[in-house]
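Coordinates as given in input-v9.csv (CSV, C-alpha atoms):
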chain,number,residue,atom,x,y,z
A,6,MET,CA,12.8,-16.0,-23.8
A,7,LYS,CA,9.7,-14.7,-22.1
A,8,VAL,CA,10.4,-11.0,-22.7
A,9,ASP,CA,8.0,-8.4,-24.0
A,10,TRP,CA,8.2,-4.7,-24.6
A,11,ARG,CA,7.6,-4.0,-20.9
A,12,ALA,CA,10.7,-5.9,-19.7
A,13,TYR,CA,13.2,-3.1,-19.9
A,14,PRO,CA,12.7,0.5,-18.9
A,15,ASP,CA,11.5,3.0,-21.5
A,16,ASN,CA,11.7,6.4,-19.9
A,17,ILE,CA,9.8,8.2,-22.6
A,18,GLY,CA,6.6,9.6,-20.9
A,19,HIS,CA,5.5,8.0,-17.7
A,20,LYS,CA,2.8,5.4,-18.3
A,21,ILE,CA,4.8,2.2,-17.8
A,22,PHE,CA,8.1,3.4,-16.2
A,23,ASP,CA,8.9,6.5,-14.0
A,24,GLY,CA,10.3,8.3,-17.0
A,25,CYS,CA,9.5,12.0,-16.5
A,26,PHE,CA,9.0,11.5,-12.8
A,27,ARG,CA,12.7,10.6,-12.3
A,28,CYS,CA,13.2,14.4,-12.1
A,29,HIS,CA,9.6,15.7,-11.9
A,30,ASP,CA,9.1,14.5,-8.4
A,31,GLY,CA,8.7,17.7,-6.4
A,32,LYS,CA,12.1,17.2,-4.8
A,33,HIS,CA,14.6,18.0,-7.5
A,34,ARG,CA,15.6,21.6,-8.1
A,35,SER,CA,16.7,23.4,-11.2
A,36,ASP,CA,19.9,25.4,-11.6
A,37,ASP,CA,18.1,28.5,-10.3
A,38,SER,CA,16.8,26.6,-7.3
A,39,ARG,CA,13.2,26.2,-8.5
A,40,VAL,CA,11.5,23.0,-7.5
A,41,VAL,CA,10.9,20.7,-10.5
A,42,ARG,CA,7.1,20.3,-10.1
A,43,LYS,CA,5.2,17.1,-10.7
A,44,ASP,CA,1.8,18.7,-11.3
A,45,CYS,CA,0.0,17.3,-14.4
A,46,SER,CA,-0.5,20.8,-15.6
A,47,VAL,CA,3.2,21.3,-16.1
A,48,CYS,CA,2.9,19.3,-19.4
A,49,HIS,CA,-0.9,18.7,-19.8
A,50,GLU,CA,-3.9,20.8,-20.5
A,51,VAL,CA,-7.4,19.6,-20.6
A,52,GLN,CA,-10.0,21.0,-23.0
A,53,ARG,CA,-13.7,20.5,-22.6
A,54,PRO,CA,-16.7,22.0,-24.6
A,55,ILE,CA,-18.6,24.7,-22.7
A,56,ALA,CA,-20.9,26.1,-25.4
A,57,ALA,CA,-21.7,26.3,-29.1
A,58,ASP,CA,-21.5,29.8,-30.6
A,59,GLY,CA,-22.8,29.0,-34.0
A,60,ARG,CA,-19.3,28.7,-35.5
A,61,GLY,CA,-18.4,25.5,-33.8
A,62,GLU,CA,-17.5,24.3,-30.3
A,63,VAL,CA,-16.0,26.7,-27.8
A,64,LEU,CA,-13.4,24.9,-25.7
A,65,GLU,CA,-12.4,25.8,-22.1
A,66,GLN,CA,-8.8,25.2,-21.0
A,67,ARG,CA,-8.7,23.5,-17.6
A,68,VAL,CA,-6.1,22.2,-15.2
A,69,PRO,CA,-6.4,18.4,-15.0
A,70,GLU,CA,-8.5,17.3,-12.0
A,71,HIS,CA,-8.0,14.0,-10.3
A,72,PRO,CA,-11.2,12.0,-9.7
A,73,VAL,CA,-10.1,11.4,-6.1
A,74,ARG,CA,-9.1,14.2,-3.7
A,75,LEU,CA,-5.3,14.0,-3.3
A,76,GLU,CA,-4.1,15.1,0.1
A,77,GLY,CA,-1.4,14.2,2.6
A,78,THR,CA,0.5,11.2,1.5
A,79,HIS,CA,-1.5,10.8,-1.7
A,80,ALA,CA,-0.5,14.3,-2.8
A,81,GLU,CA,3.2,13.3,-2.5
A,82,LEU,CA,2.9,10.4,-4.9
A,83,THR,CA,3.9,10.5,-8.6
A,84,CYS,CA,1.2,9.5,-11.1
A,85,SER,CA,3.2,6.4,-12.0
A,86,ALA,CA,2.8,5.1,-8.5
A,87,CYS,CA,-0.8,4.2,-9.4
A,88,HIS,CA,-1.0,4.6,-13.2
A,89,THR,CA,1.3,1.9,-14.6
A,90,GLY,CA,-0.1,1.6,-18.1
A,91,GLY,CA,-3.3,0.0,-19.3
A,92,ARG,CA,-6.6,0.7,-17.6
A,93,ALA,CA,-6.5,3.1,-14.7
A,94,PRO,CA,-7.4,1.8,-11.2
A,95,GLU,CA,-10.9,2.3,-9.9
A,96,SER,CA,-11.5,5.6,-8.3
A,97,THR,CA,-11.9,4.1,-4.9
A,98,CYS,CA,-9.6,3.3,-2.0
A,99,ALA,CA,-9.7,-0.4,-2.8
A,100,GLY,CA,-8.9,0.4,-6.4
A,101,CYS,CA,-5.3,1.1,-5.4
A,102,HIS,CA,-5.1,-0.5,-2.0
A,103,LYS,CA,-6.0,-4.0,-3.1
A,104,ARG,CA,-3.6,-5.6,-0.6
A,105,THR,CA,-5.3,-3.8,2.3
A,106,GLN,CA,-8.8,-4.7,1.0
A,107,ARG,CA,-7.8,-8.4,0.8
A,108,PHE,CA,-6.5,-8.2,4.4
A,109,LEU,CA,-9.7,-6.6,5.6
A,110,GLU,CA,-11.6,-9.5,4.0
A,111,GLY,CA,-9.5,-11.9,6.0
A,112,LYS,CA,-7.4,-13.2,3.1
A,113,THR,CA,-3.7,-13.9,3.2
A,114,THR,CA,-1.2,-15.7,0.9
A,115,LEU,CA,0.0,-17.9,3.8
A,116,PRO,CA,-1.5,-21.3,3.4
A,117,GLY,CA,-3.7,-22.6,6.2
A,118,VAL,CA,-4.5,-19.2,7.7
A,119,GLU,CA,-8.2,-18.5,7.7
A,120,VAL,CA,-9.9,-15.6,9.5
A,121,SER,CA,-13.3,-14.0,9.1
A,122,PRO,CA,-13.5,-10.6,7.5
A,123,ALA,CA,-12.7,-7.7,9.8
A,124,ALA,CA,-15.6,-5.8,11.2
A,125,MET,CA,-14.3,-2.8,9.3
A,126,ALA,CA,-14.5,-4.5,6.0
A,127,GLY,CA,-17.9,-3.1,5.3
A,128,VAL,CA,-17.0,0.4,6.5
A,129,ASP,CA,-16.0,3.2,4.1
A,130,CYS,CA,-12.3,4.0,4.6
A,131,ASP,CA,-12.9,7.7,5.1
A,132,SER,CA,-15.1,6.9,8.1
A,133,CYS,CA,-11.8,6.1,10.0
A,134,HIS,CA,-9.2,7.8,7.9
A,135,ASP,CA,-8.7,11.5,7.2
A,136,PRO,CA,-7.0,11.5,3.7
A,137,ALA,CA,-4.7,14.3,4.8
A,138,ARG,CA,-3.6,12.5,7.9
A,139,LEU,CA,-3.9,8.8,7.1
A,140,ARG,CA,-1.9,7.2,9.9
A,141,GLU,CA,-1.8,9.8,12.7
A,142,ARG,CA,-3.2,8.5,15.9
A,143,GLU,CA,-4.5,12.0,16.8
A,144,ALA,CA,-6.6,11.9,13.7
A,145,LEU,CA,-7.8,8.3,13.9
A,146,ALA,CA,-8.8,8.0,17.6
A,147,PRO,CA,-11.5,10.7,17.6
A,148,ARG,CA,-13.1,9.1,14.6
A,149,CYS,CA,-13.4,5.8,16.5
A,150,ASP,CA,-15.4,7.6,19.2
A,151,GLN,CA,-17.9,8.9,16.6
A,152,CYS,CA,-19.3,5.4,16.2
A,153,HIS,CA,-18.1,3.6,19.3
A,154,ASP,CA,-18.2,4.3,23.0
A,155,GLU,CA,-16.1,7.3,24.2
A,156,GLY,CA,-12.5,6.2,24.7
A,157,TYR,CA,-12.7,3.4,22.1
A,158,GLY,CA,-9.9,5.1,20.1
A,159,GLU,CA,-7.5,4.1,22.9
A,160,MET,CA,-7.8,0.5,21.4
A,161,ILE,CA,-5.5,1.7,18.7
A,162,ASP,CA,-2.6,1.7,21.1
A,163,LEU,CA,-3.5,-1.8,22.4
A,164,TRP,CA,-3.7,-3.2,18.8
A,165,LYS,CA,-0.4,-1.6,17.9
A,166,GLU,CA,1.3,-3.0,21.0
A,167,GLU,CA,-0.1,-6.5,20.3
A,168,ALA,CA,0.9,-6.4,16.7
A,169,THR,CA,4.4,-5.3,17.5
A,170,THR,CA,4.7,-8.1,20.1
A,171,GLY,CA,3.4,-10.7,17.7
A,172,ARG,CA,5.7,-9.5,14.8
A,173,ASN,CA,8.8,-9.4,17.0
A,174,LYS,CA,8.0,-12.9,18.3
A,175,ALA,CA,7.7,-14.2,14.7
A,176,LEU,CA,10.9,-12.5,13.6
A,177,ALA,CA,12.7,-14.0,16.7
A,178,SER,CA,11.6,-17.5,15.7
A,179,LEU,CA,13.0,-17.1,12.2
A,180,ALA,CA,16.3,-15.5,13.2
A,181,PRO,CA,18.2,-18.8,14.2
A,182,LEU,CA,17.1,-20.3,10.9
A,183,LYS,CA,18.2,-17.3,8.8
A,184,ASN,CA,21.5,-17.1,10.5
A,185,ASN,CA,22.4,-20.8,9.9
A,186,PRO,CA,24.8,-21.0,7.0
A,187,LYS,CA,23.8,-24.6,6.3
A,188,ARG,CA,20.3,-23.9,5.2
A,189,SER,CA,18.7,-26.4,2.8
A,190,PRO,CA,16.8,-25.2,-0.3
A,191,GLU,CA,13.6,-26.4,1.4
A,192,LEU,CA,14.4,-24.3,4.4
A,193,ASP,CA,15.1,-21.3,2.2
A,194,ARG,CA,11.7,-21.6,0.5
A,195,LEU,CA,10.1,-21.8,3.9
A,196,LEU,CA,11.9,-18.6,5.1
A,197,THR,CA,10.9,-16.8,1.9
A,198,GLN,CA,7.3,-17.8,2.4
A,199,ALA,CA,7.3,-16.7,6.1
A,200,GLN,CA,9.0,-13.3,5.3
A,201,ALA,CA,6.6,-12.7,2.5
A,202,ALA,CA,3.7,-13.2,4.9
A,203,LEU,CA,5.1,-10.8,7.4
A,204,ASP,CA,5.7,-8.2,4.7
A,205,GLU,CA,2.1,-8.6,3.6
A,206,VAL,CA,0.9,-7.7,7.1
A,207,ASP,CA,3.2,-4.7,7.2
A,208,ARG,CA,2.0,-3.4,3.9
A,209,ALA,CA,-1.7,-4.1,4.5
A,210,GLY,CA,-1.5,-2.7,8.0
A,211,ALA,CA,-2.0,-5.0,11.0
A,212,LEU,CA,-4.6,-2.7,12.5
A,213,HIS,CA,-6.9,-3.3,9.5
A,214,ASN,CA,-7.6,-6.8,10.8
A,215,PRO,CA,-5.9,-7.5,14.1
A,216,PRO,CA,-7.1,-11.2,14.4
A,217,LEU,CA,-5.6,-11.9,10.9
A,218,ALA,CA,-2.3,-10.3,11.9
A,219,ASP,CA,-2.2,-12.4,15.0
A,220,ALA,CA,-3.0,-15.5,13.0
A,221,VAL,CA,-0.2,-14.8,10.5
A,222,TYR,CA,2.3,-14.2,13.3
A,223,GLU,CA,1.4,-17.4,15.1
A,224,ALA,CA,1.5,-19.4,11.8
A,225,VAL,CA,5.0,-18.1,11.1
A,226,VAL,CA,6.2,-19.2,14.6
A,227,LYS,CA,4.7,-22.6,14.0
A,228,LEU,CA,6.5,-22.8,10.6
A,229,ALA,CA,9.8,-22.0,12.3
A,230,GLN,CA,9.2,-24.6,15.0
A,231,THR,CA,8.4,-27.4,12.4
A,232,ALA,CA,11.1,-26.3,9.9
A,233,PRO,CA,13.4,-29.0,8.5
A,234,ALA,CA,16.8,-29.2,10.3
A,235,PRO,CA,19.6,-27.4,8.4
A,236,ALA,CA,21.9,-29.6,6.4
A,237,GLY,CA,24.7,-31.3,8.3
A,238,LYS,CA,22.6,-31.8,11.5

Write the structure described by the file as structure tokens, please.
Amino acid sequence: MKVDWRAYPDNIGHKIFDGCFRCHDGKHRSDDSRVVRKDCSVCHEVQRPIAADGRGEVLEQRVPEHPVRLEGTHAELTCSACHTGGRAPESTCAGCHKRTQRFLEGKTTLPGVEVSPAAMAGVDCDSCHDPARLREREALAPRCDQCHDEGYGEMIDLWKEEATTGRNKALASLAPLKNNPKRSPELDRLLTQAQAALDEVDRAGALHNPPLADAVYEAVVKLAQTAPAPAGK
């Protein structure tokens, strides 16, 4: 059996499994209607030396401070969403958003799809994103205009429309295969691979590399067109 100590939930603490955060999520309420907070300071205090007074170190009590400013969506996460035991992720956007970083670099898990890195791959994430309003068009578009010609932010709508069209076309090509009850194991593997590729684009964000998103959608359509015939045909 390939089982180690991480195989089954241990809800003591919160380093490996959600543990404390099953209730300390900022959503549950106590019997007296108080919100069960998820702040680190509910349980933790941080001490740091501030001076020596001749009798030893003087320690200052501090509220834990996160190395990256947590706002908007980030402020709603529990610590265990990023800290899953072992070494903490790097204090950069790519430290947690590895899938998006790979997508920006033109990489995908779907074999045969190769696209150059996106133009945005070398741009700091906060050049485009406001951490407090990560996905709001009203926050993104003005930032486009800071570097590009005025009105460039309207490209966001075009990219979204193209991505939606491409994704819908890919899903439509898979639908007849998914709905056929006589699928072969080989066809099931192909469908799993195709769906994983679409999920990858969804999670990474198609707008981070529109050419790669288009290439994945087109590759999925081709996979569906060349798929082996269901058993019994």

Would you please work out which residue, of A:His49, A:His213, A:Arg34, A:His102, is nearest to Ala126 (chain A) when using only C-alpha atoms?
->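 Nearest to Ala126 (chain A): A:His213.
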
Please, what distance in Å, to one decimal, runs between CA of Lys227 (chain A) and CA of Lys174 (chain A)?
->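 Going from CA of Lys227 (chain A) over to CA of Lys174 (chain A) covers 11.1 Å.
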
A straight line from CA of Thr83 (chain A) to CA of Lys43 (chain A) spans 7.0 Å

Between CA of Val206 (chain A) and CA of Ala218 (chain A) lies a distance of 6.3 Å

Considering all atoms listed in the file, return as a PyMOL selection string whatever protein or nucleic-acid residues lie within 8 Å of region 163-165 of chain A, sequence-local ones (same chain, fewer than 3 positions apart) excluded.
-> chain A and resi 159-160+168-169+211-212+215

For Thr197 (chain A), work out the shell of residues within 12 Å, counting all atoms listed in the file and skipping chain neighbours fewer than 5 positions away, then give it as an MDAnalysis selection string.
-> chainID A and resid 115 179 182:183 190:192 202:204 225 228:229

Quick one: residues within 10 Å of His134 (chain A), only C-alpha atoms counted, chain neighbours fewer than 4 positions away excluded, as a PyMOL selection string?
-> chain A and resi 129-130+138-141+144-146+148-149

Since fewer atoms than expected are present, regenerate N, CA and C atoms for region 134-149 of chain A and write them as a PDB file, in the coordinates of the input.
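Final output, result06.pdb:
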ATOM      1  N   HIS A 134     -10.368   7.138   8.324  1.00  0.00           N
ATOM      2  CA  HIS A 134      -9.200   7.800   7.900  1.00  0.00           C
ATOM      3  C   HIS A 134      -9.474   9.237   7.365  1.00  0.00           C
ATOM      4  N   ASP A 135      -8.675  10.192   7.788  1.00  0.00           N
ATOM      5  CA  ASP A 135      -8.700  11.500   7.200  1.00  0.00           C
ATOM      6  C   ASP A 135      -7.614  11.447   6.065  1.00  0.00           C
ATOM      7  N   PRO A 136      -7.999  11.630   4.795  1.00  0.00           N
ATOM      8  CA  PRO A 136      -7.000  11.500   3.700  1.00  0.00           C
ATOM      9  C   PRO A 136      -5.778  12.324   3.859  1.00  0.00           C
ATOM     10  N   ALA A 137      -5.889  13.437   4.574  1.00  0.00           N
ATOM     11  CA  ALA A 137      -4.700  14.300   4.800  1.00  0.00           C
ATOM     12  C   ALA A 137      -3.830  13.842   5.899  1.00  0.00           C
ATOM     13  N   ARG A 138      -4.369  12.975   6.768  1.00  0.00           N
ATOM     14  CA  ARG A 138      -3.600  12.500   7.900  1.00  0.00           C
ATOM     15  C   ARG A 138      -3.897  11.033   8.151  1.00  0.00           C
ATOM     16  N   LEU A 139      -3.478  10.207   7.200  1.00  0.00           N
ATOM     17  CA  LEU A 139      -3.900   8.800   7.100  1.00  0.00           C
ATOM     18  C   LEU A 139      -3.580   8.000   8.373  1.00  0.00           C
ATOM     19  N   ARG A 140      -2.370   8.148   8.891  1.00  0.00           N
ATOM     20  CA  ARG A 140      -1.900   7.200   9.900  1.00  0.00           C
ATOM     21  C   ARG A 140      -1.658   7.912  11.275  1.00  0.00           C
ATOM     22  N   GLU A 141      -2.047   9.149  11.409  1.00  0.00           N
ATOM     23  CA  GLU A 141      -1.800   9.800  12.700  1.00  0.00           C
ATOM     24  C   GLU A 141      -2.821   9.409  13.709  1.00  0.00           C
ATOM     25  N   ARG A 142      -2.320   8.956  14.844  1.00  0.00           N
ATOM     26  CA  ARG A 142      -3.200   8.500  15.900  1.00  0.00           C
ATOM     27  C   ARG A 142      -4.176   9.598  16.325  1.00  0.00           C
ATOM     28  N   GLU A 143      -3.664  10.836  16.378  1.00  0.00           N
ATOM     29  CA  GLU A 143      -4.500  12.000  16.800  1.00  0.00           C
ATOM     30  C   GLU A 143      -5.667  12.195  15.881  1.00  0.00           C
ATOM     31  N   ALA A 144      -5.525  11.767  14.620  1.00  0.00           N
ATOM     32  CA  ALA A 144      -6.600  11.900  13.700  1.00  0.00           C
ATOM     33  C   ALA A 144      -7.539  10.702  13.677  1.00  0.00           C
ATOM     34  N   LEU A 145      -6.984   9.525  13.964  1.00  0.00           N
ATOM     35  CA  LEU A 145      -7.800   8.300  13.900  1.00  0.00           C
ATOM     36  C   LEU A 145      -8.665   8.135  15.171  1.00  0.00           C
ATOM     37  N   ALA A 146      -8.089   8.337  16.346  1.00  0.00           N
ATOM     38  CA  ALA A 146      -8.800   8.000  17.600  1.00  0.00           C
ATOM     39  C   ALA A 146     -10.143   8.765  17.720  1.00  0.00           C
ATOM     40  N   PRO A 147     -10.223  10.071  17.444  1.00  0.00           N
ATOM     41  CA  PRO A 147     -11.500  10.700  17.600  1.00  0.00           C
ATOM     42  C   PRO A 147     -12.583  10.166  16.642  1.00  0.00           C
ATOM     43  N   ARG A 148     -12.167   9.645  15.506  1.00  0.00           N
ATOM     44  CA  ARG A 148     -13.100   9.100  14.600  1.00  0.00           C
ATOM     45  C   ARG A 148     -13.705   7.760  15.112  1.00  0.00           C
ATOM     46  N   CYS A 149     -12.896   7.023  15.882  1.00  0.00           N
ATOM     47  CA  CYS A 149     -13.400   5.800  16.500  1.00  0.00           C
ATOM     48  C   CYS A 149     -14.571   6.162  17.446  1.00  0.00           C
TER      49      CYS A 149
END
